[in-house]
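S.K.: input-v9.pdb (PDB, C-alpha atoms and all ligand atoms) pasted underneath:
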```pdb
MODEL        1
ATOM      1  CA  MET A 226      99.436  73.630  97.765  1.00  0.00           C
ATOM      2  CA  LYS A 227     100.073  70.686  95.475  1.00  0.00           C
ATOM      3  CA  ARG A 228     103.421  68.901  95.923  1.00  0.00           C
ATOM      4  CA  LEU A 229     103.663  67.286  92.480  1.00  0.00           C
ATOM      5  CA  VAL A 230     102.619  68.552  89.044  1.00  0.00           C
ATOM      6  CA  LEU A 231     102.435  66.066  86.180  1.00  0.00           C
ATOM      7  CA  PHE A 232     102.512  67.463  82.660  1.00  0.00           C
ATOM      8  CA  ASP A 233     101.418  66.072  79.370  1.00  0.00           C
ATOM      9  CA  LEU A 234     104.104  66.990  76.825  1.00  0.00           C
ATOM     10  CA  ASP A 235     102.647  67.636  73.349  1.00  0.00           C
ATOM     11  CA  GLY A 236     100.296  70.606  73.303  1.00  0.00           C
ATOM     12  CA  VAL A 237     101.120  71.534  76.898  1.00  0.00           C
ATOM     13  CA  LEU A 238     104.881  72.125  77.044  1.00  0.00           C
ATOM     14  CA  LEU A 239     105.884  71.325  73.463  1.00  0.00           C
ATOM     15  CA  HIS A 240     104.409  72.932  70.360  1.00  0.00           C
ATOM     16  CA  SER A 241     104.879  69.889  68.142  1.00  0.00           C
ATOM     17  CA  GLN A 242     101.992  70.060  65.659  1.00  0.00           C
ATOM     18  CA  GLU A 243     104.216  70.862  62.661  1.00  0.00           C
ATOM     19  CA  ASN A 244     106.681  68.147  63.673  1.00  0.00           C
ATOM     20  CA  MET A 245     103.822  65.625  63.735  1.00  0.00           C
ATOM     21  CA  ARG A 246     102.541  66.800  60.353  1.00  0.00           C
ATOM     22  CA  GLN A 247     105.976  66.344  58.778  1.00  0.00           C
ATOM     23  CA  ALA A 248     106.369  62.883  60.290  1.00  0.00           C
ATOM     24  CA  TRP A 249     102.867  61.888  59.121  1.00  0.00           C
ATOM     25  CA  ASP A 250     103.712  63.080  55.583  1.00  0.00           C
ATOM     26  CA  VAL A 251     106.608  60.602  55.567  1.00  0.00           C
ATOM     27  CA  VAL A 252     104.218  57.826  56.677  1.00  0.00           C
ATOM     28  CA  LEU A 253     101.864  58.694  53.786  1.00  0.00           C
ATOM     29  CA  GLU A 254     104.791  58.648  51.406  1.00  0.00           C
ATOM     30  CA  LYS A 255     106.376  55.380  52.556  1.00  0.00           C
ATOM     31  CA  THR A 256     103.400  53.203  53.556  1.00  0.00           C
ATOM     32  CA  ASN A 257      99.907  52.277  52.353  1.00  0.00           C
ATOM     33  CA  VAL A 258      98.289  54.467  55.003  1.00  0.00           C
ATOM     34  CA  GLN A 259      96.003  57.024  53.341  1.00  0.00           C
ATOM     35  CA  ARG A 260      94.334  58.820  56.240  1.00  0.00           C
ATOM     36  CA  PRO A 261      94.891  62.609  56.253  1.00  0.00           C
ATOM     37  CA  PHE A 262      96.969  64.207  58.999  1.00  0.00           C
ATOM     38  CA  GLU A 263      93.828  65.706  60.564  1.00  0.00           C
ATOM     39  CA  ASP A 264      92.502  62.196  61.304  1.00  0.00           C
ATOM     40  CA  TYR A 265      95.764  61.287  63.057  1.00  0.00           C
ATOM     41  CA  PHE A 266      96.015  64.616  64.869  1.00  0.00           C
ATOM     42  CA  GLY A 267      92.468  64.357  66.221  1.00  0.00           C
ATOM     43  CA  LEU A 268      93.484  61.244  68.146  1.00  0.00           C
ATOM     44  CA  ILE A 269      96.842  62.271  69.593  1.00  0.00           C
ATOM     45  CA  GLY A 270      97.310  61.878  73.303  1.00  0.00           C
ATOM     46  CA  ARG A 271      97.048  58.098  73.071  1.00  0.00           C
ATOM     47  CA  PRO A 272      99.930  55.701  72.367  1.00  0.00           C
ATOM     48  CA  PHE A 273     100.699  55.435  68.621  1.00  0.00           C
ATOM     49  CA  LYS A 274      99.508  51.811  68.447  1.00  0.00           C
ATOM     50  CA  ASP A 275      96.143  52.795  69.926  1.00  0.00           C
ATOM     51  CA  ILE A 276      95.759  55.622  67.400  1.00  0.00           C
ATOM     52  CA  MET A 277      96.415  53.181  64.553  1.00  0.00           C
ATOM     53  CA  ALA A 278      93.752  50.861  65.950  1.00  0.00           C
ATOM     54  CA  HIS A 279      91.290  53.798  66.073  1.00  0.00           C
ATOM     55  CA  LEU A 280      92.139  54.624  62.443  1.00  0.00           C
ATOM     56  CA  GLY A 281      91.542  51.015  61.412  1.00  0.00           C
ATOM     57  CA  VAL A 282      95.209  50.490  60.503  1.00  0.00           C
ATOM     58  CA  THR A 283      95.908  46.896  61.451  1.00  0.00           C
ATOM     59  CA  GLU A 284      98.792  45.817  59.216  1.00  0.00           C
ATOM     60  CA  GLU A 285     102.478  46.617  59.621  1.00  0.00           C
ATOM     61  CA  VAL A 286     101.795  48.830  62.622  1.00  0.00           C
ATOM     62  CA  ALA A 287     105.294  48.302  64.036  1.00  0.00           C
ATOM     63  CA  ARG A 288     106.889  49.323  60.713  1.00  0.00           C
ATOM     64  CA  ILE A 289     104.617  52.377  60.410  1.00  0.00           C
ATOM     65  CA  GLU A 290     105.432  53.373  63.968  1.00  0.00           C
ATOM     66  CA  LYS A 291     109.162  53.102  63.274  1.00  0.00           C
ATOM     67  CA  ILE A 292     108.850  55.262  60.140  1.00  0.00           C
ATOM     68  CA  TYR A 293     106.834  57.869  62.045  1.00  0.00           C
ATOM     69  CA  MET A 294     109.155  57.948  65.077  1.00  0.00           C
ATOM     70  CA  THR A 295     112.289  58.160  62.942  1.00  0.00           C
ATOM     71  CA  ALA A 296     110.886  61.002  60.841  1.00  0.00           C
ATOM     72  CA  SER A 297     109.664  62.831  63.927  1.00  0.00           C
ATOM     73  CA  PHE A 298     113.095  62.510  65.506  1.00  0.00           C
ATOM     74  CA  ASP A 299     114.705  63.948  62.357  1.00  0.00           C
ATOM     75  CA  PHE A 300     112.418  66.999  62.489  1.00  0.00           C
ATOM     76  CA  LEU A 301     112.488  67.345  66.294  1.00  0.00           C
ATOM     77  CA  SER A 302     114.540  70.540  66.269  1.00  0.00           C
ATOM     78  CA  GLN A 303     111.567  72.281  64.658  1.00  0.00           C
ATOM     79  CA  ALA A 304     109.379  71.629  67.684  1.00  0.00           C
ATOM     80  CA  THR A 305     109.558  74.463  70.187  1.00  0.00           C
ATOM     81  CA  PHE A 306     108.311  75.023  73.714  1.00  0.00           C
ATOM     82  CA  PHE A 307     105.222  77.185  74.089  1.00  0.00           C
ATOM     83  CA  PRO A 308     105.906  80.797  75.169  1.00  0.00           C
ATOM     84  CA  GLY A 309     106.417  81.079  78.926  1.00  0.00           C
ATOM     85  CA  VAL A 310     107.148  77.379  79.511  1.00  0.00           C
ATOM     86  CA  ARG A 311     110.747  77.852  80.656  1.00  0.00           C
ATOM     87  CA  GLU A 312     109.893  80.739  82.993  1.00  0.00           C
ATOM     88  CA  SER A 313     106.817  79.056  84.487  1.00  0.00           C
ATOM     89  CA  LEU A 314     108.578  75.751  85.134  1.00  0.00           C
ATOM     90  CA  ALA A 315     111.436  77.598  86.837  1.00  0.00           C
ATOM     91  CA  GLU A 316     108.909  79.417  89.007  1.00  0.00           C
ATOM     92  CA  ILE A 317     107.201  76.137  89.964  1.00  0.00           C
ATOM     93  CA  ARG A 318     110.598  74.575  90.759  1.00  0.00           C
ATOM     94  CA  ASP A 319     111.457  77.537  92.985  1.00  0.00           C
ATOM     95  CA  MET A 320     108.173  77.026  94.849  1.00  0.00           C
ATOM     96  CA  GLY A 321     109.536  73.621  95.890  1.00  0.00           C
ATOM     97  CA  VAL A 322     106.967  71.701  93.843  1.00  0.00           C
ATOM     98  CA  LYS A 323     108.120  68.502  92.134  1.00  0.00           C
ATOM     99  CA  MET A 324     107.432  68.037  88.424  1.00  0.00           C
ATOM    100  CA  GLY A 325     106.968  65.019  86.180  1.00  0.00           C
ATOM    101  CA  VAL A 326     105.828  64.151  82.667  1.00  0.00           C
ATOM    102  CA  VAL A 327     103.274  61.556  81.572  1.00  0.00           C
ATOM    103  CA  THR A 328     103.233  61.491  77.774  1.00  0.00           C
ATOM    104  CA  SER A 329     102.212  59.297  74.866  1.00  0.00           C
ATOM    105  CA  LYS A 330     105.448  60.278  73.118  1.00  0.00           C
ATOM    106  CA  ASP A 331     108.011  57.469  73.060  1.00  0.00           C
ATOM    107  CA  ALA A 332     110.907  57.538  75.530  1.00  0.00           C
ATOM    108  CA  PRO A 333     113.781  58.495  73.143  1.00  0.00           C
ATOM    109  CA  ARG A 334     111.997  61.570  71.764  1.00  0.00           C
ATOM    110  CA  THR A 335     110.699  62.548  75.204  1.00  0.00           C
ATOM    111  CA  LYS A 336     114.213  62.365  76.625  1.00  0.00           C
ATOM    112  CA  ALA A 337     115.614  64.477  73.767  1.00  0.00           C
ATOM    113  CA  VAL A 338     112.936  67.118  74.255  1.00  0.00           C
ATOM    114  CA  LEU A 339     113.191  67.333  78.051  1.00  0.00           C
ATOM    115  CA  ALA A 340     116.997  67.575  77.877  1.00  0.00           C
ATOM    116  CA  GLN A 341     116.472  71.032  76.366  1.00  0.00           C
ATOM    117  CA  LEU A 342     114.902  72.267  79.616  1.00  0.00           C
ATOM    118  CA  ASP A 343     116.925  73.184  82.660  1.00  0.00           C
ATOM    119  CA  ILE A 344     114.465  71.373  84.924  1.00  0.00           C
ATOM    120  CA  ARG A 345     114.746  68.142  86.893  1.00  0.00           C
ATOM    121  CA  PHE A 346     111.689  65.950  86.346  1.00  0.00           C
ATOM    122  CA  VAL A 347     111.325  63.445  89.169  1.00  0.00           C
ATOM    123  CA  CYS A 348     109.301  61.036  87.021  1.00  0.00           C
ATOM    124  CA  VAL A 349     108.939  60.666  83.249  1.00  0.00           C
ATOM    125  CA  GLN A 350     106.499  58.121  81.860  1.00  0.00           C
ATOM    126  CA  SER A 351     106.279  57.131  78.171  1.00  0.00           C
ATOM    127  CA  PRO A 352     104.311  54.230  76.668  1.00  0.00           C
ATOM    128  CA  ASN A 353     105.729  50.756  77.319  1.00  0.00           C
ATOM    129  CA  ASP A 354     104.586  47.145  77.098  1.00  0.00           C
ATOM    130  CA  ARG A 355     103.851  46.837  80.811  1.00  0.00           C
ATOM    131  CA  PHE A 356     101.167  49.452  81.371  1.00  0.00           C
ATOM    132  CA  ARG A 357      98.119  50.730  79.530  1.00  0.00           C
ATOM    133  CA  GLY A 358      98.443  54.156  77.914  1.00  0.00           C
ATOM    134  CA  LYS A 359      96.177  57.152  78.491  1.00  0.00           C
ATOM    135  CA  PRO A 360      93.220  57.381  79.003  1.00  0.00           C
ATOM    136  CA  ALA A 361      94.027  54.516  81.416  1.00  0.00           C
ATOM    137  CA  PRO A 362      95.467  55.789  84.733  1.00  0.00           C
ATOM    138  CA  ASP A 363      98.437  53.377  84.842  1.00  0.00           C
ATOM    139  CA  HIS A 364     101.293  55.744  83.958  1.00  0.00           C
ATOM    140  CA  VAL A 365      99.893  58.507  86.166  1.00  0.00           C
ATOM    141  CA  LEU A 366      99.843  56.100  89.110  1.00  0.00           C
ATOM    142  CA  VAL A 367     103.395  54.899  88.399  1.00  0.00           C
ATOM    143  CA  ALA A 368     104.606  58.501  88.129  1.00  0.00           C
ATOM    144  CA  MET A 369     103.150  59.319  91.552  1.00  0.00           C
ATOM    145  CA  ALA A 370     104.761  56.200  93.013  1.00  0.00           C
ATOM    146  CA  GLU A 371     108.135  57.211  91.539  1.00  0.00           C
ATOM    147  CA  ALA A 372     107.752  60.713  92.957  1.00  0.00           C
ATOM    148  CA  GLY A 373     106.613  59.393  96.336  1.00  0.00           C
ATOM    149  CA  GLU A 374     103.506  61.568  96.362  1.00  0.00           C
ATOM    150  CA  ASP A 375      99.818  60.920  97.043  1.00  0.00           C
ATOM    151  CA  PRO A 376      96.975  61.516  94.570  1.00  0.00           C
ATOM    152  CA  ALA A 377      95.604  64.266  96.845  1.00  0.00           C
ATOM    153  CA  ASP A 378      98.881  66.191  96.508  1.00  0.00           C
ATOM    154  CA  THR A 379      99.145  65.837  92.716  1.00  0.00           C
ATOM    155  CA  LEU A 380      97.840  67.940  89.828  1.00  0.00           C
ATOM    156  CA  PHE A 381      97.751  66.935  86.163  1.00  0.00           C
ATOM    157  CA  VAL A 382      98.075  69.513  83.368  1.00  0.00           C
ATOM    158  CA  GLY A 383      96.800  68.220  80.037  1.00  0.00           C
ATOM    159  CA  ASP A 384      95.256  69.351  76.766  1.00  0.00           C
ATOM    160  CA  MET A 385      93.234  66.348  75.578  1.00  0.00           C
ATOM    161  CA  GLU A 386      90.192  64.559  76.921  1.00  0.00           C
ATOM    162  CA  THR A 387      92.388  61.460  77.341  1.00  0.00           C
ATOM    163  CA  ASP A 388      94.543  63.411  79.837  1.00  0.00           C
ATOM    164  CA  TRP A 389      91.501  64.414  81.853  1.00  0.00           C
ATOM    165  CA  GLN A 390      90.194  60.843  81.830  1.00  0.00           C
ATOM    166  CA  ALA A 391      93.552  59.456  82.994  1.00  0.00           C
ATOM    167  CA  ALA A 392      93.675  62.027  85.813  1.00  0.00           C
ATOM    168  CA  CYS A 393      90.107  61.235  86.906  1.00  0.00           C
ATOM    169  CA  ARG A 394      90.786  57.518  86.866  1.00  0.00           C
ATOM    170  CA  ALA A 395      93.964  58.068  88.935  1.00  0.00           C
ATOM    171  CA  GLY A 396      91.993  60.155  91.434  1.00  0.00           C
ATOM    172  CA  ILE A 397      93.923  63.418  90.984  1.00  0.00           C
ATOM    173  CA  ASP A 398      92.969  67.015  90.225  1.00  0.00           C
ATOM    174  CA  TYR A 399      93.248  68.236  86.650  1.00  0.00           C
ATOM    175  CA  VAL A 400      93.653  71.577  84.917  1.00  0.00           C
ATOM    176  CA  HIS A 401      93.106  71.982  81.183  1.00  0.00           C
ATOM    177  CA  ALA A 402      95.720  73.760  79.053  1.00  0.00           C
ATOM    178  CA  SER A 403      93.523  75.882  76.765  1.00  0.00           C
ATOM    179  CA  TRP A 404      96.501  76.719  74.502  1.00  0.00           C
ATOM    180  CA  GLY A 405      96.868  73.052  73.549  1.00  0.00           C
ATOM    181  CA  TYR A 406      95.458  70.852  70.809  1.00  0.00           C
ATOM    182  CA  GLY A 407      92.282  69.578  72.457  1.00  0.00           C
ATOM    183  CA  LYS A 408      88.804  71.023  72.785  1.00  0.00           C
ATOM    184  CA  PRO A 409      87.598  72.689  76.004  1.00  0.00           C
ATOM    185  CA  ILE A 410      86.063  70.242  78.483  1.00  0.00           C
ATOM    186  CA  THR A 411      82.833  71.437  80.084  1.00  0.00           C
ATOM    187  CA  SER A 412      82.994  72.188  83.826  1.00  0.00           C
ATOM    188  CA  VAL A 413      86.689  71.297  84.130  1.00  0.00           C
ATOM    189  CA  PRO A 414      89.161  73.921  85.471  1.00  0.00           C
ATOM    190  CA  ALA A 415      91.195  75.521  82.686  1.00  0.00           C
ATOM    191  CA  ILE A 416      93.979  78.076  82.306  1.00  0.00           C
ATOM    192  CA  GLU A 417      94.578  80.196  79.193  1.00  0.00           C
ATOM    193  CA  ASN A 418      98.341  80.500  79.528  1.00  0.00           C
ATOM    194  CA  ILE A 419     101.056  78.511  81.294  1.00  0.00           C
ATOM    195  CA  SER A 420     102.107  81.650  83.189  1.00  0.00           C
ATOM    196  CA  GLN A 421      98.861  81.226  85.192  1.00  0.00           C
ATOM    197  CA  LEU A 422      99.946  77.791  86.402  1.00  0.00           C
ATOM    198  CA  PRO A 423     102.129  78.767  89.410  1.00  0.00           C
ATOM    199  CA  ASN A 424      99.200  80.726  90.852  1.00  0.00           C
ATOM    200  CA  HIS A 425      96.806  77.898  90.132  1.00  0.00           C
ATOM    201  CA  ILE A 426      99.073  75.447  92.003  1.00  0.00           C
ATOM    202  CA  GLN A 427      99.510  77.815  94.934  1.00  0.00           C
ATOM    203  CA  ASN A 428      95.787  78.412  95.354  1.00  0.00           C
ATOM    204  CA  HIS A 429      94.885  74.772  95.029  1.00  0.00           C
ATOM    205  CA  LEU A 430      93.934  73.586  98.470  1.00  0.00           C
ATOM    206  CA  PRO A 431      94.302  69.850  98.971  1.00  0.00           C
TER     207      PRO A 431
HETATM  208 MG    MG B 501      98.804  66.609  74.617  1.00  0.00          MG
ENDMDL
END
```
Using the file provided, produce a representation of the structure as structure tokens.
M.R.:
Amino acid sequence: MKRLVLFDLDGVLLHSQENMRQAWDVVLEKTNVQRPFEDYFGLIGRPFKDIMAHLGVTEEVARIEKIYMTASFDFLSQATFFPGVRESLAEIRDMGVKMGVVTSKDAPRTKAVLAQLDIRFVCVQSPNDRFRGKPAPDHVLVAMAEAGEDPADTLFVGDMETDWQAACRAGIDYVHASWGYGKPITSVPAIENISQLPNHIQNHLP
């Protein structure tokens, strides 16, 4: 059985699509950015700065990021956890498996979201200036170091191709959250519902 499960946050634990849309609307209103929400949403899973680079937004990125983050924080109460998240995480905790989060959401919003769960996360990684964001493996590797666990004993649960790439590059097993915001990934293990995760962890031989 795996000893550590690392979760992506948006689209895996947190149903935040509407929150992102509202925050992006504020960006469209207050800046010169003109790309529709769908263009932004198709790239989530990477740090905000990297998404802007992909969208060709090169000016005032720090100001745009601040506007987006502030708006998202204001609307954060409208983001909810996916059905079954609380129960499944409690079940995983009771199995004695450690849990952590590796997200492209900034630290203040991540902290506010995770505080709503009655779960102790042994490692929580958000983008920073020291390490490369997903799809690079850096934050996954740091999370494992913080948890004191080996790659062979760790499982990543993600919903975007960037999550899968980060897990592969960190040398850990991956399971795809089909309820999330990404597309299915061919020949990669997937689960339809988070309630299937405890079983998946239990049956995962190292
Ligand atoms: Mg995600």
S.K.: One decimal, in Å: what's the spacing between CA of Glu417 (chain A) and CA of Ile276 (chain A)?
M.R.: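 Calculated distance between CA of Glu417 (chain A) and CA of Ile276 (chain A) is 27.3 Å.
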S.K.: Distance limit 12 Å, reference ligand MG 501 (chain B), atoms considered: only C-alpha atoms and all ligand atoms. Which residues make the cut? Give them as a VMD selection string.
M.R.: chain A and resid 232 to 242 266 to 272 326 to 330 359 to 360 381 to 389 401 to 408
S.K.: So the first atom is CA of His279 (chain A) and the second is CA of Asp264 (chain A); what is the distance between them in Å, to one decimal place?
M.R.: 9.7 Å
S.K.: One number please: CA of Thr256 (chain A) to CA of Lys291 (chain A), in Å, one decimal.
M.R.: 11.3 Å
S.K.: Hey, which bits of region 243-331 of chain A sit within 10 Å of region 337-352 of chain A, and for each residue what's the closest pair of atoms and how far apart in Å (one decimal), counting all atoms listed in the file, rows by chain and increasing number, as JSON lines?
M.R.:
```
{"residue": "A:Arg271", "atom": "CA", "partner": "A:Pro352", "partner_atom": "CA", "distance": 9.0}
{"residue": "A:Pro272", "atom": "CA", "partner": "A:Pro352", "partner_atom": "CA", "distance": 6.3}
{"residue": "A:Phe273", "atom": "CA", "partner": "A:Pro352", "partner_atom": "CA", "distance": 8.9}
{"residue": "A:Lys274", "atom": "CA", "partner": "A:Pro352", "partner_atom": "CA", "distance": 9.8}
{"residue": "A:Phe298", "atom": "CA", "partner": "A:Ala337", "partner_atom": "CA", "distance": 8.9}
{"residue": "A:Leu301", "atom": "CA", "partner": "A:Val338", "partner_atom": "CA", "distance": 8.0}
{"residue": "A:Ser302", "atom": "CA", "partner": "A:Val338", "partner_atom": "CA", "distance": 8.8}
{"residue": "A:Ala304", "atom": "CA", "partner": "A:Val338", "partner_atom": "CA", "distance": 8.7}
{"residue": "A:Thr305", "atom": "CA", "partner": "A:Val338", "partner_atom": "CA", "distance": 9.1}
{"residue": "A:Phe306", "atom": "CA", "partner": "A:Val338", "partner_atom": "CA", "distance": 9.2}
{"residue": "A:Val310", "atom": "CA", "partner": "A:Leu342", "partner_atom": "CA", "distance": 9.3}
{"residue": "A:Arg311", "atom": "CA", "partner": "A:Leu342", "partner_atom": "CA", "distance": 7.0}
{"residue": "A:Leu314", "atom": "CA", "partner": "A:Ile344", "partner_atom": "CA", "distance": 7.3}
{"residue": "A:Ala315", "atom": "CA", "partner": "A:Ile344", "partner_atom": "CA", "distance": 7.2}
{"residue": "A:Arg318", "atom": "CA", "partner": "A:Ile344", "partner_atom": "CA", "distance": 7.7}
{"residue": "A:Lys323", "atom": "CA", "partner": "A:Val347", "partner_atom": "CA", "distance": 6.7}
{"residue": "A:Met324", "atom": "CA", "partner": "A:Phe346", "partner_atom": "CA", "distance": 5.2}
{"residue": "A:Gly325", "atom": "CA", "partner": "A:Cys348", "partner_atom": "CA", "distance": 4.7}
{"residue": "A:Val326", "atom": "CA", "partner": "A:Val349", "partner_atom": "CA", "distance": 4.7}
{"residue": "A:Val327", "atom": "CA", "partner": "A:Gln350", "partner_atom": "CA", "distance": 4.7}
{"residue": "A:Thr328", "atom": "CA", "partner": "A:Ser351", "partner_atom": "CA", "distance": 5.3}
{"residue": "A:Ser329", "atom": "CA", "partner": "A:Ser351", "partner_atom": "CA", "distance": 5.7}
{"residue": "A:Lys330", "atom": "CA", "partner": "A:Ser351", "partner_atom": "CA", "distance": 6.0}
{"residue": "A:Asp331", "atom": "CA", "partner": "A:Ser351", "partner_atom": "CA", "distance": 5.4}
```
S.K.: Which residue out of A:Gln390, A:Thr335, A:Gln247, A:Gln421 has the minimum interatomic distance to Ile292 (chain A) when all atoms listed in the file are used?
M.R.: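 Using all atoms listed in the file, the shortest distance to Ile292 (chain A) belongs to A:Gln247.
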S.K.: Restricting the calculation to only C-alpha atoms, which member of A:Asn418, A:Ser412, A:Ala332, A:Leu380 is positioned closest to Met226 (chain A)?
M.R.: A:Leu380
S.K.: Give the answer as one residue: which of A:Arg394, A:Arg228, A:Lys255, A:His425 has the shortest atom-to-atom distance to Gly373 (chain A), using all atoms listed in the file?
M.R.: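 Among the listed residues, the smallest separation from Gly373 (chain A) belongs to A:Arg228.
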S.K.: I want to know what sits within 12 Å of Asn424 (chain A), based on all atoms listed in the file, with residues of the same chain fewer than 2 positions away left out; could you give that as number ranges by chain?
M.R.: A: 226-227, 313, 316-317, 320, 416, 418-422, 426-430
S.K.: Nearest to Phe300 (chain A) among A:Val252, A:Lys336, A:Arg246, A:Arg260, with distances taken over all atoms listed in the file: which residue is it?
M.R.: A:Arg246
S.K.: Just checking: using only C-alpha atoms, which residue out of A:Val251, A:Val258, A:Leu229, A:Pro409 ends up closest to Val365 (chain A)?
M.R.: A:Leu229
S.K.: Using all atoms listed in the file, which of the listed residues (A:Ala296, A:Leu280, A:Ile397, A:Met245) sits closest to Ala377 (chain A)?
M.R.: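 Nearest to Ala377 (chain A): A:Ile397.
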S.K.: Find the spatial neighbours of Ala395 (chain A), counting all atoms listed in the file, within a cut-off of 8 Å - ignore same-chain residues fewer than 5 positions away - and output them as an MDAnalysis selection string.
M.R.: chainID A and resid 362:363 365:366 376
